[in-house]
Structure formats: C-alpha cells, structure tokens
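Participant: This is the structure I want to talk about, given as structure tokens.
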Amino acid sequence: MTDRKDVLRYFQALDAELTQEKRKINLYIIGGCYLMLQDIKPSSPDIDILVEQKDWTAINNAIGRLKHARPDGLKPFDIDLLNDRWLGEFQIPKNFSKDTKRYRRMRHRMKHLALYTLSPYDILISKIARWKKKDIDDINALLDKKVIQRHKLEKRIQRCYIPQKKTFKKHYDMFISLFGGRLKERSWF
C-alpha cells in the first residue's frame with residue numbers, strides 16, 4: 001500500500017526527471033490514488049495517472065527512468081499510466097479538464113508538473129463501469145465524503161463514450177439499487 005506522503009514524494013521525483021520540458025505537463029490523478037489524495041481513503045495499492053496523449057511519451061519515459069522507485073526503498077510503486085481520456089471501460093468527455101481541480105498542496109513544489117484530480121463524477125463512473133468488490137467499497141467511501149447529485153451523474157454518463165453499454169447499464173442499475181438513496185436529488189432552491 002502507498003500513502004499520501006510517499007506518492008507526493010514520487011511526484012516530486014517525477015517532476016525532477018522532466019527538466020527538459022519547456023511547459024508544465026498536467027497529470028490527472030484517478031482511481032484509489034484520487035481517493036487517498038481527497039482524504040477519502042488512507043492509502044492506495046497503486047498510482048493511477050491520466051495524461052493527455054501529447055504528453056504520454058515524456059511522462060512514460062520519466063516513469064521508466066525512475067523505475068517506479070519509492071523514496072522509502074520498499075517495493076516499487078505499481079503505476080498505471082492511462083491516456084486519450086480512457087478510464088478502463090469508458091472514455092471521459094473531451095472537455096473533462098474543465099471539471100478537474102488543481103491539487104494545491106504541491107503547486108509550488110513542482111516546476112514541470114501540475115497535478116489535478118478528476119471530477120468525483122468521473123471517478124464514480126469509472127468505479128461503476130468496472131464494478132468489482134474494491135470498486136463497490138470505493139463507491140461507498142466516496143459517497144461518505146462527496147455529495148453526488150443523481151441528475152448530474154446521469155448527465156455526465158451521457159457525455160461519456162461507453163462501448164459496453166449493456167454491461168454498464170447492468171452495473172448502473174446495481175449501483176442505484178445499492179446506493180441510490182444516498183444520491184442527492186435535484187433541488188429547485
């Protein structure tokens with residue numbers, strides 16, 4: 001397991017590997033790492049990162065140079081580097097970055113990277129799409145800390161590209177039966 005301090009030190013080391021980059025590269029934190037950085041879970045089994053296609057090679061090479069090294073010398077990090085807006089079983093909308101939030105704790109410490117967290121709606125959709133035991137646990141933890149509005153969730157789902165629509169619909173129906181009562185309904189005030 002990886003805690004926040006180790007992950008942030010890793011991102012600082014990754015930033016140091018990108019000294020030849022003339023502009024900041026945006027990294028979007030997803031998965032269990034998102035939950036950890038949002039204080040929803042204390043640790044993550046891996047580091048999940050989404051990067052724009054144009055920056056994939058630079059980030060992949062920097063990660064390769066670090067060889068997933070951990071600052072504490074323990075077992076190397078398991079890093080999942082995703083691109084082209086794919087979060088496993090679906091693709092988030094092209095304009096996804098307008099709903100992201102800059103991870104402020106590190107903004108002054110890195111010269112070449114800017115860390116962002118995805119919208120909780122995109123994280124939730126990714127958990128629904130995969131629908132494994134750990135995803136259900138993550139959904140429960142996410143709903144304990146974040147207010148999710150059902151109409152906004154459904155609107156976001158409509159804007160995503162989901163190739164396995166029948167499977168996703170089945171997962172979504174199970175999600176609603178388990179967690180629908182915890183979603184906020186539309187308020188007119």
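Quick note on naming: the chains in the structure tokens go A, B, ... in the order shown, residues restart at 1 in each chain, and ligands are numbered from 1 in order of appearance.
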What lies within 10 Å of region 141-155 of chain A using only C-alpha atoms, ignoring chain neighbours under 6 positions off, as a ChimeraX atom specification?
Facilitator: /A:35,38-41,120-125,135,172,176,179-187
Participant: Only C-alpha atoms, please: the residues just picked out, written as a PDB file, in the first residue's frame.
Facilitator:
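Writing done, so here's result33.pdb:
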ATOM      1  CA  LEU A  35      -9.474   8.713  -3.082  1.00  0.00           C
ATOM      2  CA  GLN A  38      -9.004  13.569  -1.286  1.00  0.00           C
ATOM      3  CA  ASP A  39      -8.764  12.110   2.258  1.00  0.00           C
ATOM      4  CA  ILE A  40     -11.396   9.518   1.430  1.00  0.00           C
ATOM      5  CA  LYS A  41      -9.074   6.527   1.960  1.00  0.00           C
ATOM      6  CA  PRO A 120     -15.783  12.922  -8.428  1.00  0.00           C
ATOM      7  CA  TYR A 121     -18.410  12.125 -11.070  1.00  0.00           C
ATOM      8  CA  ASP A 122     -15.759  10.712 -13.435  1.00  0.00           C
ATOM      9  CA  ILE A 123     -14.226   8.709 -10.589  1.00  0.00           C
ATOM     10  CA  LEU A 124     -17.652   7.350  -9.673  1.00  0.00           C
ATOM     11  CA  ILE A 125     -18.453   6.431 -13.284  1.00  0.00           C
ATOM     12  CA  ASP A 135     -14.890  -0.553  -6.574  1.00  0.00           C
ATOM     13  CA  TYR A 172     -25.542   1.231 -13.021  1.00  0.00           C
ATOM     14  CA  ILE A 176     -28.759   2.589  -7.975  1.00  0.00           C
ATOM     15  CA  PHE A 179     -26.603   3.475  -3.321  1.00  0.00           C
ATOM     16  CA  GLY A 180     -29.468   5.381  -4.977  1.00  0.00           C
ATOM     17  CA  GLY A 181     -30.825   6.547  -1.622  1.00  0.00           C
ATOM     18  CA  ARG A 182     -27.507   8.271  -0.908  1.00  0.00           C
ATOM     19  CA  LEU A 183     -27.573  10.406  -4.046  1.00  0.00           C
ATOM     20  CA  LYS A 184     -28.851  13.939  -3.785  1.00  0.00           C
ATOM     21  CA  GLU A 185     -31.912  14.641  -5.869  1.00  0.00           C
ATOM     22  CA  ARG A 186     -32.336  17.858  -7.830  1.00  0.00           C
ATOM     23  CA  SER A 187     -33.066  20.890  -5.706  1.00  0.00           C
TER      24      SER A 187
END
Participant: Show me, as a ChimeraX atom specification, the residues that have an atom within 12 Å of Lys94 (chain A) when counting only C-alpha atoms, minus same-chain residues fewer than 5 positions from it.
Facilitator: /A:52-53,83-86,99,156,159-161
Participant: Pick the closest to Asp15 (chain A) from A:Ile157, A:Met110, A:Leu82, A:Leu115: which is it, counting only C-alpha atoms?
Facilitator: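 Of all the options, A:Met110 lies closest to Asp15 (chain A).
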Participant: Mind checking DSSP for region 47-91 of chain A and telling me the helix (DSSP H, G or I) residues as an MDAnalysis selection string?
Facilitator: chainID A and resid 53:66
Participant: Where does DSSP see strand (DSSP E or B) in chain A, if you list the residues as a PDB file with N, CA and C atoms, in the first residue's frame?
Facilitator:
ATOM      1  N   THR A   2       0.320   2.302  -0.552  1.00  0.00           N
ATOM      2  CA  THR A   2       1.037   3.551  -0.719  1.00  0.00           C
ATOM      3  C   THR A   2       0.283   4.645   0.024  1.00  0.00           C
ATOM      4  N   ASP A   3       0.991   5.454   0.810  1.00  0.00           N
ATOM      5  CA  ASP A   3       0.309   6.552   1.479  1.00  0.00           C
ATOM      6  C   ASP A   3       0.590   7.874   0.760  1.00  0.00           C
ATOM      7  N   ILE A  25       3.361  19.925 -17.591  1.00  0.00           N
ATOM      8  CA  ILE A  25       2.562  18.787 -18.033  1.00  0.00           C
ATOM      9  C   ILE A  25       1.502  18.531 -16.973  1.00  0.00           C
ATOM     10  N   ASN A  26       0.271  18.393 -17.415  1.00  0.00           N
ATOM     11  CA  ASN A  26      -0.825  18.113 -16.493  1.00  0.00           C
ATOM     12  C   ASN A  26      -0.947  16.620 -16.265  1.00  0.00           C
ATOM     13  N   LEU A  27      -0.963  16.225 -14.993  1.00  0.00           N
ATOM     14  CA  LEU A  27      -1.235  14.844 -14.603  1.00  0.00           C
ATOM     15  C   LEU A  27      -2.566  14.843 -13.867  1.00  0.00           C
ATOM     16  N   TYR A  28      -3.442  13.930 -14.256  1.00  0.00           N
ATOM     17  CA  TYR A  28      -4.751  13.821 -13.637  1.00  0.00           C
ATOM     18  C   TYR A  28      -4.766  12.563 -12.782  1.00  0.00           C
ATOM     19  N   ILE A  29      -4.979  12.750 -11.497  1.00  0.00           N
ATOM     20  CA  ILE A  29      -4.934  11.651 -10.533  1.00  0.00           C
ATOM     21  C   ILE A  29      -6.303  10.979 -10.498  1.00  0.00           C
ATOM     22  N   ILE A  30      -6.295   9.669 -10.624  1.00  0.00           N
ATOM     23  CA  ILE A  30      -7.548   8.911 -10.697  1.00  0.00           C
ATOM     24  C   ILE A  30      -7.479   7.701  -9.763  1.00  0.00           C
ATOM     25  N   SER A  43      -4.866   5.047   2.050  1.00  0.00           N
ATOM     26  CA  SER A  43      -3.781   4.570   1.188  1.00  0.00           C
ATOM     27  C   SER A  43      -4.360   4.045  -0.123  1.00  0.00           C
ATOM     28  N   SER A  44      -3.443   3.721  -1.039  1.00  0.00           N
ATOM     29  CA  SER A  44      -3.843   3.183  -2.344  1.00  0.00           C
ATOM     30  C   SER A  44      -2.880   2.068  -2.712  1.00  0.00           C
ATOM     31  N   ILE A  47      -0.637   3.800  -8.111  1.00  0.00           N
ATOM     32  CA  ILE A  47      -0.774   5.187  -8.541  1.00  0.00           C
ATOM     33  C   ILE A  47      -1.380   5.152  -9.942  1.00  0.00           C
ATOM     34  N   ASP A  48      -2.575   5.701 -10.069  1.00  0.00           N
ATOM     35  CA  ASP A  48      -3.265   5.758 -11.358  1.00  0.00           C
ATOM     36  C   ASP A  48      -3.211   7.191 -11.870  1.00  0.00           C
ATOM     37  N   ILE A  49      -2.685   7.352 -13.078  1.00  0.00           N
ATOM     38  CA  ILE A  49      -2.491   8.673 -13.658  1.00  0.00           C
ATOM     39  C   ILE A  49      -3.082   8.697 -15.064  1.00  0.00           C
ATOM     40  N   LEU A  50      -3.804   9.750 -15.357  1.00  0.00           N
ATOM     41  CA  LEU A  50      -4.280  10.016 -16.713  1.00  0.00           C
ATOM     42  C   LEU A  50      -3.465  11.180 -17.250  1.00  0.00           C
ATOM     43  N   VAL A  51      -2.969  11.052 -18.472  1.00  0.00           N
ATOM     44  CA  VAL A  51      -2.180  12.107 -19.088  1.00  0.00           C
ATOM     45  C   VAL A  51      -2.693  12.323 -20.504  1.00  0.00           C
ATOM     46  N   ILE A  79       2.388   1.538 -11.122  1.00  0.00           N
ATOM     47  CA  ILE A  79       1.868   2.752 -11.746  1.00  0.00           C
ATOM     48  C   ILE A  79       1.091   2.392 -12.997  1.00  0.00           C
ATOM     49  N   ASP A  80      -0.134   2.878 -13.061  1.00  0.00           N
ATOM     50  CA  ASP A  80      -0.972   2.723 -14.247  1.00  0.00           C
ATOM     51  C   ASP A  80      -1.056   4.072 -14.934  1.00  0.00           C
ATOM     52  N   LEU A  81      -0.487   4.145 -16.134  1.00  0.00           N
ATOM     53  CA  LEU A  81      -0.480   5.383 -16.908  1.00  0.00           C
ATOM     54  C   LEU A  81      -1.495   5.245 -18.037  1.00  0.00           C
ATOM     55  N   LEU A  82      -2.535   6.047 -17.984  1.00  0.00           N
ATOM     56  CA  LEU A  82      -3.615   5.997 -18.968  1.00  0.00           C
ATOM     57  C   LEU A  82      -3.574   7.256 -19.819  1.00  0.00           C
ATOM     58  N   ASN A  83      -4.096   7.151 -21.048  1.00  0.00           N
ATOM     59  CA  ASN A  83      -4.130   8.336 -21.902  1.00  0.00           C
ATOM     60  C   ASN A  83      -5.356   8.329 -22.800  1.00  0.00           C
ATOM     61  N   TRP A  86      -9.210   7.585 -21.712  1.00  0.00           N
ATOM     62  CA  TRP A  86      -9.769   6.275 -21.360  1.00  0.00           C
ATOM     63  C   TRP A  86      -9.533   5.980 -19.891  1.00  0.00           C
ATOM     64  N   LEU A  87     -10.611   5.673 -19.187  1.00  0.00           N
ATOM     65  CA  LEU A  87     -10.521   5.221 -17.802  1.00  0.00           C
ATOM     66  C   LEU A  87     -11.031   3.784 -17.767  1.00  0.00           C
ATOM     67  N   PHE A  90     -14.359   2.996 -20.223  1.00  0.00           N
ATOM     68  CA  PHE A  90     -15.072   4.104 -20.876  1.00  0.00           C
ATOM     69  C   PHE A  90     -14.121   5.269 -21.099  1.00  0.00           C
ATOM     70  N   GLN A  91     -14.574   6.210 -21.920  1.00  0.00           N
ATOM     71  CA  GLN A  91     -13.778   7.390 -22.233  1.00  0.00           C
ATOM     72  C   GLN A  91     -14.526   8.630 -21.735  1.00  0.00           C
ATOM     73  N   LYS A 101      -9.774  19.648 -10.575  1.00  0.00           N
ATOM     74  CA  LYS A 101      -9.312  20.611  -9.579  1.00  0.00           C
ATOM     75  C   LYS A 101      -7.815  20.447  -9.388  1.00  0.00           C
ATOM     76  N   ARG A 102      -7.124  21.562  -9.346  1.00  0.00           N
ATOM     77  CA  ARG A 102      -5.678  21.553  -9.120  1.00  0.00           C
ATOM     78  C   ARG A 102      -5.407  21.067  -7.708  1.00  0.00           C
ATOM     79  N   LEU A 113       5.431  19.742 -13.526  1.00  0.00           N
ATOM     80  CA  LEU A 113       4.167  19.016 -13.432  1.00  0.00           C
ATOM     81  C   LEU A 113       3.121  19.855 -12.721  1.00  0.00           C
ATOM     82  N   ALA A 114       1.886  19.687 -13.153  1.00  0.00           N
ATOM     83  CA  ALA A 114       0.728  20.239 -12.452  1.00  0.00           C
ATOM     84  C   ALA A 114      -0.186  19.060 -12.166  1.00  0.00           C
ATOM     85  N   LEU A 115      -0.481  18.823 -10.901  1.00  0.00           N
ATOM     86  CA  LEU A 115      -1.338  17.707 -10.501  1.00  0.00           C
ATOM     87  C   LEU A 115      -2.778  18.180 -10.386  1.00  0.00           C
ATOM     88  N   TYR A 116      -3.669  17.380 -10.956  1.00  0.00           N
ATOM     89  CA  TYR A 116      -5.100  17.659 -10.898  1.00  0.00           C
ATOM     90  C   TYR A 116      -5.828  16.403 -10.455  1.00  0.00           C
ATOM     91  N   THR A 117      -6.962  16.603  -9.813  1.00  0.00           N
ATOM     92  CA  THR A 117      -7.843  15.480  -9.511  1.00  0.00           C
ATOM     93  C   THR A 117      -9.054  15.588 -10.428  1.00  0.00           C
ATOM     94  N   GLN A 149     -24.965  14.368  -7.035  1.00  0.00           N
ATOM     95  CA  GLN A 149     -26.338  14.601  -7.460  1.00  0.00           C
ATOM     96  C   GLN A 149     -26.667  13.642  -8.607  1.00  0.00           C
ATOM     97  N   TYR A 161     -18.117   8.239 -23.534  1.00  0.00           N
ATOM     98  CA  TYR A 161     -18.190   7.174 -24.538  1.00  0.00           C
ATOM     99  C   TYR A 161     -18.049   5.846 -23.805  1.00  0.00           C
ATOM    100  N   LYS A 184     -28.031  12.753  -3.987  1.00  0.00           N
ATOM    101  CA  LYS A 184     -28.851  13.939  -3.785  1.00  0.00           C
ATOM    102  C   LYS A 184     -29.728  14.121  -5.026  1.00  0.00           C
TER     103      LYS A 184
END
Participant: Do you know which residues are at most 9 Å from Ile136 (chain A) counting only C-alpha atoms, after dropping those on the same chain fewer than 5 positions away, and could you put them as an NGL selection string?
Facilitator: :A and (127-128 or 131 or 141 or 175)
Participant: How many Å separate CA of Lys165 (chain A) from CA of Arg130 (chain A)?
Facilitator: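 Calculated distance between CA of Lys165 (chain A) and CA of Arg130 (chain A) is 12.3 Å.
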Participant: Report, in Å to a single decimal, how far apart CA of Gly88 (chain A) and CA of Leu118 (chain A) are.
Facilitator: 14.5 Å
Participant: For region 60-66 of chain A, work out the shell of residues within 10 Å, counting only C-alpha atoms and skipping chain neighbours fewer than 3 positions away, then give it as a PyMOL selection string.
Facilitator: chain A and resi 10-11+13-18+51+55-57+69-70+76+79+81-82
Participant: Next, dump the selected residues to file, keeping only C-alpha atoms, as a PDB file, in the first residue's frame.
Facilitator:
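After the write, again.pdb holds the following:
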ATOM      1  CA  TYR A  10       7.255  10.241  -6.017  1.00  0.00           C
ATOM      2  CA  PHE A  11       5.593  13.052  -7.969  1.00  0.00           C
ATOM      3  CA  ALA A  13      10.956  12.880  -8.172  1.00  0.00           C
ATOM      4  CA  LEU A  14       8.974  12.569 -11.423  1.00  0.00           C
ATOM      5  CA  ASP A  15       8.972  16.358 -11.740  1.00  0.00           C
ATOM      6  CA  ALA A  16      12.773  16.362 -11.362  1.00  0.00           C
ATOM      7  CA  GLU A  17      13.019  13.887 -14.262  1.00  0.00           C
ATOM      8  CA  LEU A  18      11.249  16.352 -16.571  1.00  0.00           C
ATOM      9  CA  VAL A  51      -2.180  12.107 -19.088  1.00  0.00           C
ATOM     10  CA  ASP A  55       2.451  14.267 -23.018  1.00  0.00           C
ATOM     11  CA  TRP A  56       2.329  10.481 -22.786  1.00  0.00           C
ATOM     12  CA  THR A  57       5.825   9.805 -24.148  1.00  0.00           C
ATOM     13  CA  ALA A  69      11.302   3.789  -7.274  1.00  0.00           C
ATOM     14  CA  ARG A  70       9.935   4.507  -3.856  1.00  0.00           C
ATOM     15  CA  PRO A  76       8.353  -0.287  -6.222  1.00  0.00           C
ATOM     16  CA  ILE A  79       1.868   2.752 -11.746  1.00  0.00           C
ATOM     17  CA  LEU A  81      -0.480   5.383 -16.908  1.00  0.00           C
ATOM     18  CA  LEU A  82      -3.615   5.997 -18.968  1.00  0.00           C
TER      19      LEU A  82
END
Participant: Kindly indicate which residue among A:Thr167, A:Thr19, A:Gly31, A:Ala129 lies nearest to Glu89 (chain A), using only C-alpha atoms for the distances.
Facilitator: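 With only C-alpha atoms as the atom set, the closest residue is A:Ala129.
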Participant: Find, counting only C-alpha atoms, the residue in A:Gln20, A:Arg109, A:Ile92, A:Asp137 that gets nearest to Pro163 (chain A).
Facilitator: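 Result for the nearest residue to Pro163 (chain A): A:Ile92.
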